[in-house]
$ cat protein-v8.tsv   # TSV, C-alpha atoms and all ligand atoms
chain	number	residue	atom	x	y	z
A	1	MET	CA	-1.25	11.24	-6.50
A	2	MET	CA	-4.20	11.23	-4.11
A	3	ILE	CA	-3.79	9.11	-0.98
A	4	PHE	CA	-6.90	7.53	0.46
A	5	PRO	CA	-7.18	7.22	4.23
A	6	VAL	CA	-8.04	3.79	5.52
A	7	GLN	CA	-11.63	3.57	6.72
A	8	ASN	CA	-11.81	2.59	10.36
A	9	SER	CA	-15.32	1.21	9.92
A	10	PHE	CA	-13.73	-2.13	9.18
A	11	GLU	CA	-14.49	-4.86	11.68
A	12	PRO	CA	-11.34	-6.73	12.62
A	13	PHE	CA	-11.04	-10.00	10.79
A	14	ALA	CA	-11.67	-13.10	12.88
A	15	LEU	CA	-8.22	-14.24	13.93
A	16	ALA	CA	-6.87	-17.56	12.80
A	17	PRO	CA	-7.50	-20.26	15.41
A	18	ARG	CA	-4.79	-20.40	18.08
A	19	GLU	CA	-3.40	-23.62	16.69
A	20	LEU	CA	-2.28	-22.04	13.41
A	21	PRO	CA	1.35	-21.04	13.91
A	22	THR	CA	2.12	-17.47	12.90
A	23	PRO	CA	2.92	-15.71	10.68
A	24	VAL	CA	0.05	-17.20	8.71
A	25	LEU	CA	-1.73	-15.98	5.60
A	26	VAL	CA	-5.47	-16.20	5.99
A	27	LEU	CA	-8.08	-15.68	3.28
A	28	ASP	CA	-11.62	-14.55	3.97
A	29	GLY	CA	-13.51	-16.77	1.53
A	30	ALA	CA	-16.61	-14.58	1.37
A	31	ILE	CA	-14.51	-11.56	0.38
A	32	VAL	CA	-12.65	-13.54	-2.31
A	33	ARG	CA	-15.98	-14.67	-3.80
A	34	ARG	CA	-17.39	-11.13	-3.65
A	35	ASN	CA	-14.31	-9.71	-5.41
A	36	ILE	CA	-14.52	-12.36	-8.13
A	37	ASN	CA	-18.25	-11.80	-8.66
A	38	ARG	CA	-17.98	-8.02	-8.69
A	39	LEU	CA	-15.49	-8.07	-11.56
A	40	ALA	CA	-17.45	-10.78	-13.37
A	41	SER	CA	-20.66	-8.66	-13.26
A	42	TYR	CA	-18.86	-5.53	-14.40
A	43	ALA	CA	-17.23	-7.37	-17.30
A	44	ALA	CA	-20.48	-9.05	-18.33
A	45	LYS	CA	-22.24	-5.67	-18.35
A	46	HIS	CA	-19.57	-4.26	-20.68
A	47	ARG	CA	-19.18	-7.43	-22.77
A	48	LEU	CA	-15.54	-7.84	-21.80
A	49	GLY	CA	-13.91	-11.19	-21.29
A	50	VAL	CA	-12.09	-11.74	-17.99
A	51	ARG	CA	-8.82	-13.65	-18.12
A	52	PRO	CA	-7.60	-13.17	-14.54
A	53	HIS	CA	-3.89	-13.09	-13.85
A	54	THR	CA	-3.26	-16.06	-11.57
A	55	LYS	CA	0.09	-14.74	-10.29
A	56	THR	CA	-1.83	-13.25	-7.36
A	57	HIS	CA	-3.18	-16.52	-5.94
A	58	LYS	CA	-1.17	-19.24	-7.77
A	59	SER	CA	-3.92	-21.61	-6.71
A	60	LYS	CA	-5.95	-24.03	-8.82
A	61	VAL	CA	-8.92	-23.85	-6.44
A	62	ILE	CA	-9.19	-20.09	-6.77
A	63	ALA	CA	-8.60	-20.22	-10.53
A	64	GLN	CA	-11.49	-22.67	-10.74
A	65	MET	CA	-13.70	-20.21	-8.84
A	66	GLN	CA	-12.82	-17.51	-11.37
A	67	LEU	CA	-13.65	-19.87	-14.24
A	68	ASN	CA	-16.93	-20.82	-12.56
A	69	ALA	CA	-17.75	-17.10	-12.36
A	70	GLY	CA	-17.37	-16.81	-16.14
A	71	ALA	CA	-13.66	-16.15	-16.75
A	72	ILE	CA	-12.88	-17.01	-20.38
A	73	GLY	CA	-9.40	-18.30	-19.53
A	74	LEU	CA	-6.43	-17.83	-17.23
A	75	THR	CA	-3.29	-15.69	-17.39
A	76	ALA	CA	0.12	-16.45	-15.91
A	77	ALA	CA	3.61	-14.98	-16.02
A	78	LYS	CA	5.66	-18.14	-15.71
A	79	VAL	CA	5.64	-21.36	-17.68
A	80	GLY	CA	5.50	-23.27	-14.37
A	81	GLU	CA	2.38	-21.30	-13.43
A	82	VAL	CA	0.77	-22.03	-16.79
A	83	GLU	CA	1.57	-25.72	-16.36
A	84	GLU	CA	-0.18	-25.71	-12.95
A	85	MET	CA	-3.15	-23.73	-14.25
A	86	SER	CA	-3.52	-26.07	-17.24
A	87	LYS	CA	-4.83	-28.64	-14.73
A	88	VAL	CA	-7.99	-26.54	-14.32
A	89	GLY	CA	-8.11	-24.36	-17.46
A	90	ASP	CA	-8.08	-25.10	-21.16
A	91	ASP	CA	-7.49	-21.58	-22.44
A	92	LEU	CA	-4.25	-20.09	-21.19
A	93	LEU	CA	-2.22	-16.94	-21.73
A	94	LEU	CA	1.43	-16.52	-20.85
A	95	ALA	CA	1.66	-12.74	-20.52
A	96	PHE	CA	5.43	-12.68	-20.34
A	97	PRO	CA	8.24	-12.60	-22.91
A	98	THR	CA	9.27	-16.20	-23.46
A	99	VAL	CA	12.48	-16.34	-25.44
A	100	ASP	CA	14.77	-19.19	-24.37
A	101	PRO	CA	14.50	-22.61	-26.05
A	102	ALA	CA	13.91	-24.53	-22.78
A	103	ARG	CA	10.86	-22.48	-21.82
A	104	CYS	CA	9.57	-22.36	-25.38
A	105	SER	CA	9.64	-26.14	-25.67
A	106	ARG	CA	7.60	-26.49	-22.43
A	107	VAL	CA	5.11	-24.00	-23.87
A	108	ALA	CA	5.00	-25.87	-27.18
A	109	GLU	CA	4.43	-29.16	-25.39
A	110	LEU	CA	1.49	-27.69	-23.46
A	111	ALA	CA	0.07	-26.22	-26.69
A	112	ARG	CA	-0.41	-29.77	-27.97
A	113	THR	CA	-3.41	-30.19	-25.66
A	114	LYS	CA	-4.45	-26.66	-24.62
A	115	ALA	CA	-5.31	-23.37	-26.31
A	116	LEU	CA	-2.17	-21.50	-25.37
A	117	ARG	CA	-1.14	-17.96	-26.25
A	118	VAL	CA	2.04	-16.09	-25.51
A	119	ALA	CA	2.78	-12.35	-25.52
A	120	VAL	CA	5.81	-11.39	-27.60
A	121	ASP	CA	7.70	-8.17	-28.21
A	122	SER	CA	10.74	-9.42	-30.14
A	123	ALA	CA	11.62	-11.36	-33.26
A	124	THR	CA	13.73	-13.64	-31.04
A	125	ALA	CA	10.63	-14.66	-29.08
A	126	VAL	CA	8.62	-15.32	-32.27
A	127	ASN	CA	11.43	-17.40	-33.78
A	128	SER	CA	12.06	-19.42	-30.58
A	129	LEU	CA	8.36	-20.15	-30.11
A	130	ALA	CA	7.92	-21.06	-33.79
A	131	GLN	CA	10.89	-23.41	-33.69
A	132	ALA	CA	9.69	-25.12	-30.51
A	133	ALA	CA	6.13	-25.46	-31.82
A	134	ALA	CA	7.32	-26.90	-35.13
A	135	ALA	CA	9.39	-29.47	-33.19
A	136	ALA	CA	6.48	-30.36	-30.91
A	137	GLY	CA	3.91	-30.42	-33.70
A	138	SER	CA	1.76	-27.81	-31.96
A	139	ILE	CA	0.49	-24.32	-32.71
A	140	ILE	CA	1.12	-21.46	-30.28
A	141	GLY	CA	-1.15	-18.40	-30.43
A	142	VAL	CA	0.68	-15.07	-30.34
A	143	LEU	CA	-0.37	-11.68	-28.97
A	144	VAL	CA	1.93	-8.82	-29.89
A	145	ASP	CA	2.76	-6.83	-26.75
A	146	VAL	CA	2.37	-3.08	-27.32
A	147	ASP	CA	3.74	-0.59	-24.79
A	148	VAL	CA	0.89	1.75	-23.84
A	149	GLY	CA	2.89	3.90	-21.41
A	150	MET	CA	4.46	1.75	-18.72
A	151	GLY	CA	7.78	1.46	-20.54
A	152	ARG	CA	8.44	-2.11	-19.36
A	153	THR	CA	7.80	-4.49	-22.24
A	154	GLY	CA	5.96	-4.04	-25.52
A	155	VAL	CA	6.89	-2.61	-28.88
A	156	ALA	CA	6.85	1.16	-29.09
A	157	THR	CA	4.81	1.86	-32.22
A	158	ALA	CA	1.98	0.50	-34.35
A	159	SER	CA	4.44	-0.12	-37.18
A	160	ASP	CA	6.75	-2.10	-34.89
A	161	ALA	CA	3.69	-4.16	-33.92
A	162	LEU	CA	2.90	-4.66	-37.62
A	163	ALA	CA	6.44	-5.85	-38.35
A	164	LEU	CA	6.20	-8.49	-35.58
A	165	ALA	CA	2.70	-9.49	-36.67
A	166	GLU	CA	3.93	-10.02	-40.22
A	167	LEU	CA	6.82	-12.12	-38.94
A	168	VAL	CA	4.31	-14.29	-37.05
A	169	THR	CA	2.18	-14.80	-40.16
A	170	ARG	CA	5.28	-15.86	-42.10
A	171	SER	CA	6.38	-18.38	-39.41
A	172	ARG	CA	5.24	-21.98	-39.03
A	173	GLY	CA	4.03	-23.13	-35.61
A	174	VAL	CA	2.71	-19.75	-34.46
A	175	ARG	CA	-0.65	-18.10	-35.15
A	176	LEU	CA	-1.36	-14.38	-34.93
A	177	ASP	CA	-4.27	-13.85	-32.51
A	178	GLY	CA	-4.03	-10.21	-31.53
A	179	ILE	CA	-2.55	-7.58	-29.26
A	180	LEU	CA	-1.67	-7.40	-25.56
A	181	CYS	CA	-0.96	-4.37	-23.41
A	182	TYR	CA	-0.57	-3.71	-19.70
A	183	PRO	CA	-1.53	-0.25	-18.43
A	184	GLY	CA	0.52	-0.72	-15.24
A	185	HIS	CA	1.51	2.96	-15.21
A	186	ILE	CA	-2.04	4.12	-14.43
A	187	TRP	CA	-2.53	4.64	-10.69
A	188	SER	CA	-4.68	7.77	-10.64
A	189	VAL	CA	-8.07	7.49	-8.96
A	190	ALA	CA	-10.70	5.74	-11.00
A	191	ASP	CA	-12.69	8.82	-12.04
A	192	GLN	CA	-9.51	10.56	-13.20
A	193	GLN	CA	-8.26	7.82	-15.49
A	194	SER	CA	-10.18	8.72	-18.65
A	195	VAL	CA	-7.44	10.82	-20.30
A	196	GLN	CA	-4.78	8.14	-19.76
A	197	LEU	CA	-7.12	5.36	-20.80
A	198	SER	CA	-8.11	7.13	-23.99
A	199	ALA	CA	-4.39	7.47	-24.82
A	200	VAL	CA	-4.16	3.69	-24.32
A	201	ASP	CA	-7.16	3.19	-26.59
A	202	ASN	CA	-5.76	5.49	-29.28
A	203	LYS	CA	-2.57	3.48	-29.44
A	204	LEU	CA	-4.41	0.17	-29.58
A	205	GLN	CA	-6.83	1.45	-32.24
A	206	ALA	CA	-3.96	2.77	-34.36
A	207	THR	CA	-2.38	-0.69	-34.21
A	208	VAL	CA	-5.62	-2.53	-34.99
A	209	GLN	CA	-6.26	-0.22	-37.96
A	210	LEU	CA	-2.73	-0.53	-39.33
A	211	TRP	CA	-2.98	-4.30	-39.12
A	212	ALA	CA	-6.37	-4.22	-40.86
A	213	ALA	CA	-4.92	-2.08	-43.65
A	214	HIS	CA	-2.39	-4.89	-44.18
A	215	GLY	CA	-5.00	-7.63	-44.07
A	216	LEU	CA	-4.25	-8.74	-40.50
A	217	GLU	CA	-6.87	-9.15	-37.79
A	218	ALA	CA	-6.45	-8.54	-34.04
A	219	ARG	CA	-9.17	-10.92	-32.88
A	220	ILE	CA	-8.06	-10.46	-29.26
A	221	VAL	CA	-7.07	-7.17	-27.64
A	222	SER	CA	-6.06	-8.04	-24.08
A	223	GLY	CA	-5.40	-5.39	-21.43
A	224	GLY	CA	-6.43	-4.36	-17.95
A	225	SER	CA	-5.03	-4.13	-14.44
A	226	THR	CA	-6.54	-3.90	-10.97
A	227	PRO	CA	-6.29	-0.08	-10.62
A	228	THR	CA	-8.04	0.38	-14.01
A	229	ALA	CA	-10.27	-2.72	-13.81
A	230	PHE	CA	-13.62	-0.97	-13.41
A	231	GLN	CA	-12.79	1.68	-16.03
A	232	SER	CA	-11.83	-0.87	-18.68
A	233	HIS	CA	-14.93	-0.04	-20.77
A	234	LEU	CA	-13.22	3.28	-21.57
A	235	VAL	CA	-10.71	1.36	-23.68
A	236	ARG	CA	-13.10	0.38	-26.43
A	237	SER	CA	-10.52	-1.73	-28.23
A	238	TYR	CA	-10.28	-4.24	-25.36
A	239	THR	CA	-11.92	-7.58	-25.92
A	240	GLU	CA	-10.70	-8.93	-22.56
A	241	ILE	CA	-9.06	-7.81	-19.30
A	242	ARG	CA	-6.52	-9.48	-17.04
A	243	PRO	CA	-6.61	-8.05	-13.50
A	244	GLY	CA	-4.94	-10.25	-10.88
A	245	THR	CA	-4.67	-8.40	-7.57
A	246	TYR	CA	-8.44	-7.66	-7.49
A	247	VAL	CA	-9.11	-11.17	-6.20
A	248	PHE	CA	-7.52	-10.35	-2.80
A	249	ASN	CA	-6.64	-6.62	-2.87
A	250	ASP	CA	-3.97	-5.12	-0.63
A	251	MET	CA	-2.82	-1.77	0.80
A	252	ASN	CA	-1.75	-0.63	-2.68
A	253	THR	CA	-5.31	-0.94	-3.91
A	254	VAL	CA	-6.81	0.46	-0.68
A	255	ARG	CA	-4.49	3.49	-0.48
A	256	GLY	CA	-4.90	4.08	-4.22
A	257	GLY	CA	-8.65	4.37	-3.65
A	258	PHE	CA	-9.54	1.36	-5.82
A	259	CYS	CA	-11.25	-0.57	-3.01
A	260	SER	CA	-11.83	-0.37	0.74
A	261	LEU	CA	-10.24	-2.30	3.57
A	262	GLU	CA	-13.41	-4.44	3.65
A	263	ASP	CA	-12.45	-5.72	0.18
A	264	CYS	CA	-9.07	-7.07	1.35
A	265	ALA	CA	-9.46	-10.83	1.46
A	266	ALA	CA	-5.88	-11.72	2.40
A	267	ARG	CA	-4.46	-10.92	5.83
A	268	ILE	CA	-1.33	-12.05	7.56
A	269	VAL	CA	-1.83	-12.91	11.19
A	270	CYS	CA	1.30	-12.28	13.28
A	271	THR	CA	2.20	-12.59	16.93
A	272	VAL	CA	3.75	-9.79	18.98
A	273	VAL	CA	7.04	-11.28	20.14
A	274	SER	CA	8.77	-8.37	21.87
A	275	ASP	CA	8.00	-5.05	23.53
A	276	ALA	CA	11.44	-4.51	25.04
A	277	VAL	CA	12.06	-1.22	23.26
A	278	PRO	CA	9.91	1.75	24.36
A	279	HIS	CA	7.12	2.81	21.95
A	280	GLN	CA	7.75	-0.27	19.85
A	281	VAL	CA	6.57	-3.84	19.51
A	282	VAL	CA	8.02	-6.51	17.24
A	283	LEU	CA	5.99	-8.91	15.07
A	284	ASP	CA	7.12	-12.37	14.00
A	285	GLY	CA	7.02	-11.40	10.32
A	286	GLY	CA	9.71	-9.59	8.34
A	287	THR	CA	10.75	-9.49	4.70
A	288	LYS	CA	10.33	-13.27	4.42
A	289	THR	CA	6.64	-12.72	5.15
A	290	PHE	CA	5.79	-9.25	3.84
A	291	THR	CA	8.58	-8.72	1.24
A	292	SER	CA	10.16	-5.26	1.13
A	293	ASP	CA	7.55	-3.76	-1.17
A	294	ILE	CA	6.53	-0.27	-0.18
A	295	CYS	CA	2.99	1.01	-0.61
A	296	ILE	CA	3.05	2.61	-4.07
A	297	PRO	CA	0.42	5.34	-3.46
A	298	ALA	CA	1.58	6.09	0.11
A	299	ARG	CA	5.25	5.29	0.65
A	300	GLU	CA	5.31	6.83	4.13
A	301	THR	CA	2.71	4.43	5.58
A	302	GLY	CA	5.18	1.63	6.31
A	303	HIS	CA	5.16	-2.08	5.53
A	304	GLY	CA	1.44	-2.85	5.75
A	305	HIS	CA	-1.59	-1.94	7.83
A	306	ILE	CA	-2.34	-3.45	11.26
A	307	VAL	CA	-6.12	-3.77	11.35
A	308	GLU	CA	-6.52	-3.79	15.15
A	309	TYR	CA	-4.06	-0.91	15.59
A	310	PRO	CA	-4.67	1.49	12.69
A	311	ASP	CA	-2.41	4.13	14.28
A	312	ALA	CA	0.58	1.77	14.45
A	313	ARG	CA	3.20	1.84	11.72
A	314	ILE	CA	5.41	-1.06	10.65
A	315	THR	CA	8.55	0.98	10.24
A	316	ARG	CA	11.29	-1.53	9.61
A	317	LEU	CA	11.60	-5.13	8.52
A	318	SER	CA	14.47	-7.54	8.87
A	319	GLU	CA	14.10	-11.09	7.63
A	320	GLU	CA	11.97	-12.38	10.49
A	321	HIS	CA	11.20	-9.27	12.56
A	322	GLY	CA	8.73	-6.49	11.93
A	323	GLN	CA	9.37	-3.41	14.06
A	324	VAL	CA	6.19	-1.49	14.81
A	325	ASP	CA	6.06	2.08	16.07
A	326	VAL	CA	3.12	2.14	18.49
A	327	SER	CA	3.71	5.61	19.93
A	328	ALA	CA	0.49	6.94	18.33
A	329	CYS	CA	-1.69	4.06	19.59
A	330	ALA	CA	-4.09	4.50	22.49
A	331	ARG	CA	-3.21	1.01	23.70
A	332	ARG	CA	0.01	-0.92	23.26
A	333	PRO	CA	-0.27	-4.48	21.91
A	334	LYS	CA	0.89	-7.06	24.46
A	335	VAL	CA	3.58	-9.69	23.96
A	336	GLY	CA	1.80	-12.87	22.80
A	337	GLU	CA	-1.11	-10.96	21.26
A	338	ARG	CA	-2.05	-11.72	17.65
A	339	VAL	CA	-2.57	-8.93	15.16
A	340	THR	CA	-3.79	-8.91	11.57
A	341	VAL	CA	-1.77	-7.20	8.86
A	342	VAL	CA	-2.95	-6.26	5.36
A	343	PRO	CA	0.28	-6.25	3.33
A	344	ASN	CA	1.24	-3.58	0.81
A	345	HIS	CA	1.52	-5.97	-2.12
A	346	ILE	CA	-0.17	-9.32	-1.67
A	347	CYS	CA	1.11	-11.18	-4.77
A	348	PRO	CA	4.75	-11.71	-3.72
A	349	CYS	CA	3.67	-12.39	-0.11
A	350	LEU	CA	1.56	-15.30	-1.26
A	351	ASN	CA	4.50	-16.65	-3.22
A	352	LEU	CA	6.34	-17.01	0.12
A	353	GLN	CA	3.76	-19.44	1.52
A	354	ASP	CA	3.37	-23.16	0.75
A	355	ALA	CA	-0.27	-22.98	1.78
A	356	VAL	CA	-2.77	-20.43	3.01
A	357	TRP	CA	-5.87	-20.79	5.15
A	358	TRP	CA	-9.33	-20.31	3.71
A	359	MET	CA	-11.86	-19.17	6.33
A	360	GLU	CA	-15.51	-19.24	5.42
A	361	ALA	CA	-18.73	-19.71	7.40
A	362	GLY	CA	-16.83	-20.87	10.48
A	363	ASP	CA	-14.75	-23.43	8.55
A	364	VAL	CA	-10.98	-23.34	8.10
A	365	GLN	CA	-9.39	-25.09	5.14
A	366	ARG	CA	-5.83	-25.32	3.95
A	367	VAL	CA	-5.34	-24.16	0.36
A	368	ARG	CA	-2.13	-25.13	-1.37
A	369	VAL	CA	-0.28	-22.39	-3.23
A	370	ASP	CA	0.14	-24.72	-6.21
A	371	ALA	CA	2.46	-22.59	-8.32
A	372	ARG	CA	4.45	-21.26	-5.37
A	373	GLY	CA	8.09	-20.75	-6.31
A	374	GLN	CA	7.46	-21.44	-10.01
A	375	LEU	CA	9.83	-18.84	-11.31
A	376	SER	CA	10.75	-20.27	-14.69
A	401	LIG	C1	1.19	-8.45	-17.99
A	401	LIG	C2	0.31	-8.28	-16.80
A	401	LIG	N1	-1.01	-8.41	-16.95
A	401	LIG	C3	-1.87	-8.28	-15.91
A	401	LIG	C4	-1.40	-8.02	-14.63
A	401	LIG	C5	-2.37	-7.88	-13.48
A	401	LIG	O1	-2.40	-6.58	-12.97
A	401	LIG	P1	-2.76	-6.23	-11.47
A	401	LIG	O2	-1.63	-6.68	-10.60
A	401	LIG	O3	-2.91	-4.75	-11.47
A	401	LIG	O4	-4.00	-6.93	-11.14
A	401	LIG	C6	-0.02	-7.87	-14.43
A	401	LIG	C7	0.53	-7.56	-13.11
A	401	LIG	O5	1.68	-7.55	-12.83
A	401	LIG	C8	0.86	-8.00	-15.55
A	401	LIG	O6	2.19	-7.88	-15.41

$ encode --input "protein-v8.tsv" --output "structure tokens"
Amino acid sequence: MMIFPVQNSFEPFALAPRELPTPVLVLDGAIVRRNINRLASYAAKHRLGVRPHTKTHKSKVIAQMQLNAGAIGLTAAKVGEVEEMSKVGDDLLLAFPTVDPARCSRVAELARTKALRVAVDSATAVNSLAQAAAAAGSIIGVLVDVDVGMGRTGVATASDALALAELVTRSRGVRLDGILCYPGHIWSVADQQSVQLSAVDNKLQATVQLWAAHGLEARIVSGGSTPTAFQSHLVRSYTEIRPGTYVFNDMNTVRGGFCSLEDCAARIVCTVVSDAVPHQVVLDGGTKTFTSDICIPARETGHGHIVEYPDARITRLSEEHGQVDVSACARRPKVGERVTVVPNHICPCLNLQDAVWWMEAGDVQRVRVDARGQLS
């Protein structure tokens, strides 16, 4: 896997005002808008719908911006997220296996007033959703999840997908709408993705054709991810894409070569709280701020990138401490100094914050993380 160096041309992000206690997650509003618009233009050019995954921001305000930029609907992983997002969106997708009666009845309740679809990869899920919908008097749309190489969820073959599709058409309360896949295994650089993406397309086309041969239509074929977002046109079966991380980006997307540091809208401002150990400083953020996620394309780079000290390496995290090796830095950060960190994986970091700070044109606004902690 090719590792992209971080460009040092980046101008350090304006630090949060002194009164914001650290660690604090700050969003550069102009970058968020640019990221949203860039994907919207690409998708419009290729006639693809965008149904962004809201797990990255969990925020109604940002979901509304995506809808204003032309998103056809919103995606979520959790029922609690979908419930939050239903306050701004009318067309919702739960891209997660939903099998237990309690969750299914919340979904069915929501489907009374919203266009709601759920991804399924088991007969248990179809039966639970159908039962809940019949009880609620609603109809839940179903996308059959097909595994296109990640090996996480999704049925393995076109005929397995047909069997589930036929079960859906035989069940009351659920409606067969199409196919879902997630190409989360594709992390090669954008211009080297065509072989893997055509394998994805072959599998989707085989499924669509098998369904058609049995009189079933896949009106929706939903796929996409941030690493493959701008190559989605290579999967001709897609009718829509669901990237999530693209809205903020992070060190995974920078080091993977899918964007530059200038495209990272979310930064965590920390304070240096100790320099007692030689060649090291300590930040006031640990796993409860950054999570323990490593950088997928560059594991050796540590727990995030310090913008003002690109040669520093966050080597070790405990819950509230981030140990930084500064031996390669020309200047050592001082105790009390604030630094800006781009985390490896922004989505779970955001889920650790009740609110984040939106900075735009000299203004600072607090943005609630509406679906924070919604894990069921
Ligand atoms: C089912 C599904 N769809 C879409 C996405 C969004 O992908 P990305 O994080 O690459 O933007 C995810 C991410 O976890 C996912 O699990």

$ residues_around --input "protein-v8.tsv" --residues "Lys334 (chain A)" --least-positions-apart "4" --cutoff "12 Å" --atoms "all atoms listed in the file" --output "list in words"
Thr271, Val272, Val273, Ser274, Asp275, Ala276, His279, Gln280, Val281, Val282, Leu283, Tyr309, Val326, Arg338 and Val339 of chain A

$ closest_residue --input "protein-v8.tsv" --among "A:Gln66, A:Ser122, A:Thr253, A:Ser225" --to "Gly89 (chain A)" --atoms "only C-alpha atoms"
A:Gln66

$ residues_near_ligand --input "protein-v8.tsv" --ligand "ligand LIG 401 (chain A)" --cutoff "6 Å" --atoms "all atoms listed in the file" --output "number ranges by chain"
A: 53, 95, 182, 225-227, 242-246

$ residues_around --input "protein-v8.tsv" --residues "Asp263 (chain A)" --least-positions-apart "4" --cutoff "8 Å" --atoms "all atoms listed in the file" --output "PyMOL selection string"
chain A and resi 31+35+248-249+259

$ write_last_selection --input "protein-v8.tsv" --atoms "C-alpha atoms" --output "compact mmCIF listing (two decimals), in the coordinates of the input"
# COMPACT_ATOMS: atom_id res chain seq x y z
CA ILE A 31 -14.51 -11.56 0.38
CA ASN A 35 -14.31 -9.71 -5.41
CA PHE A 248 -7.52 -10.35 -2.80
CA ASN A 249 -6.64 -6.62 -2.87
CA CYS A 259 -11.25 -0.57 -3.01

$ closest_residue --input "protein-v8.tsv" --among "A:Lys78, A:Arg103, A:Lys87, A:Lys203" --to "Asp145 (chain A)" --atoms "all atoms listed in the file"
A:Lys203

$ residues_near_point --input "protein-v8.tsv" --point "(-17.6, -13.6, -20.8)" --cutoff "6 Å" --atoms "all atoms listed in the file" --output "PyMOL selection string"
chain A and resi 44+49+70+72

$ residues_around --input "protein-v8.tsv" --residues "Ser327 (chain A)" --least-positions-apart "4" --cutoff "12 Å" --atoms "all atoms listed in the file" --output "list in words"
Val277, Pro278, His279, Gln280, Val281, Tyr309, Pro310, Asp311, Ala312, Arg313, Ile314, Thr315, Arg331, Arg332 and Pro333 of chain A

$ residues_around --input "protein-v8.tsv" --residues "Thr113 (chain A)" --least-positions-apart "4" --cutoff "9 Å" --atoms "all atoms listed in the file" --output "list in words"
Asp90, Glu109 and Ser138 of chain A

$ closest_residue --input "protein-v8.tsv" --among "A:Val235, A:Ile62, A:Ala71, A:Ile36" --to "Val148 (chain A)" --atoms "all atoms listed in the file"
A:Val235

$ closest_residue --input "protein-v8.tsv" --among "A:Glu217, A:Asp121, A:Asp250, A:Asp191" --to "Leu234 (chain A)" --atoms "all atoms listed in the file"
A:Asp191

$ atom_distance --input "protein-v8.tsv" --atom1 "CA of Val324 (chain A)" --atom2 "CA of Thr56 (chain A)"
26.3 Å
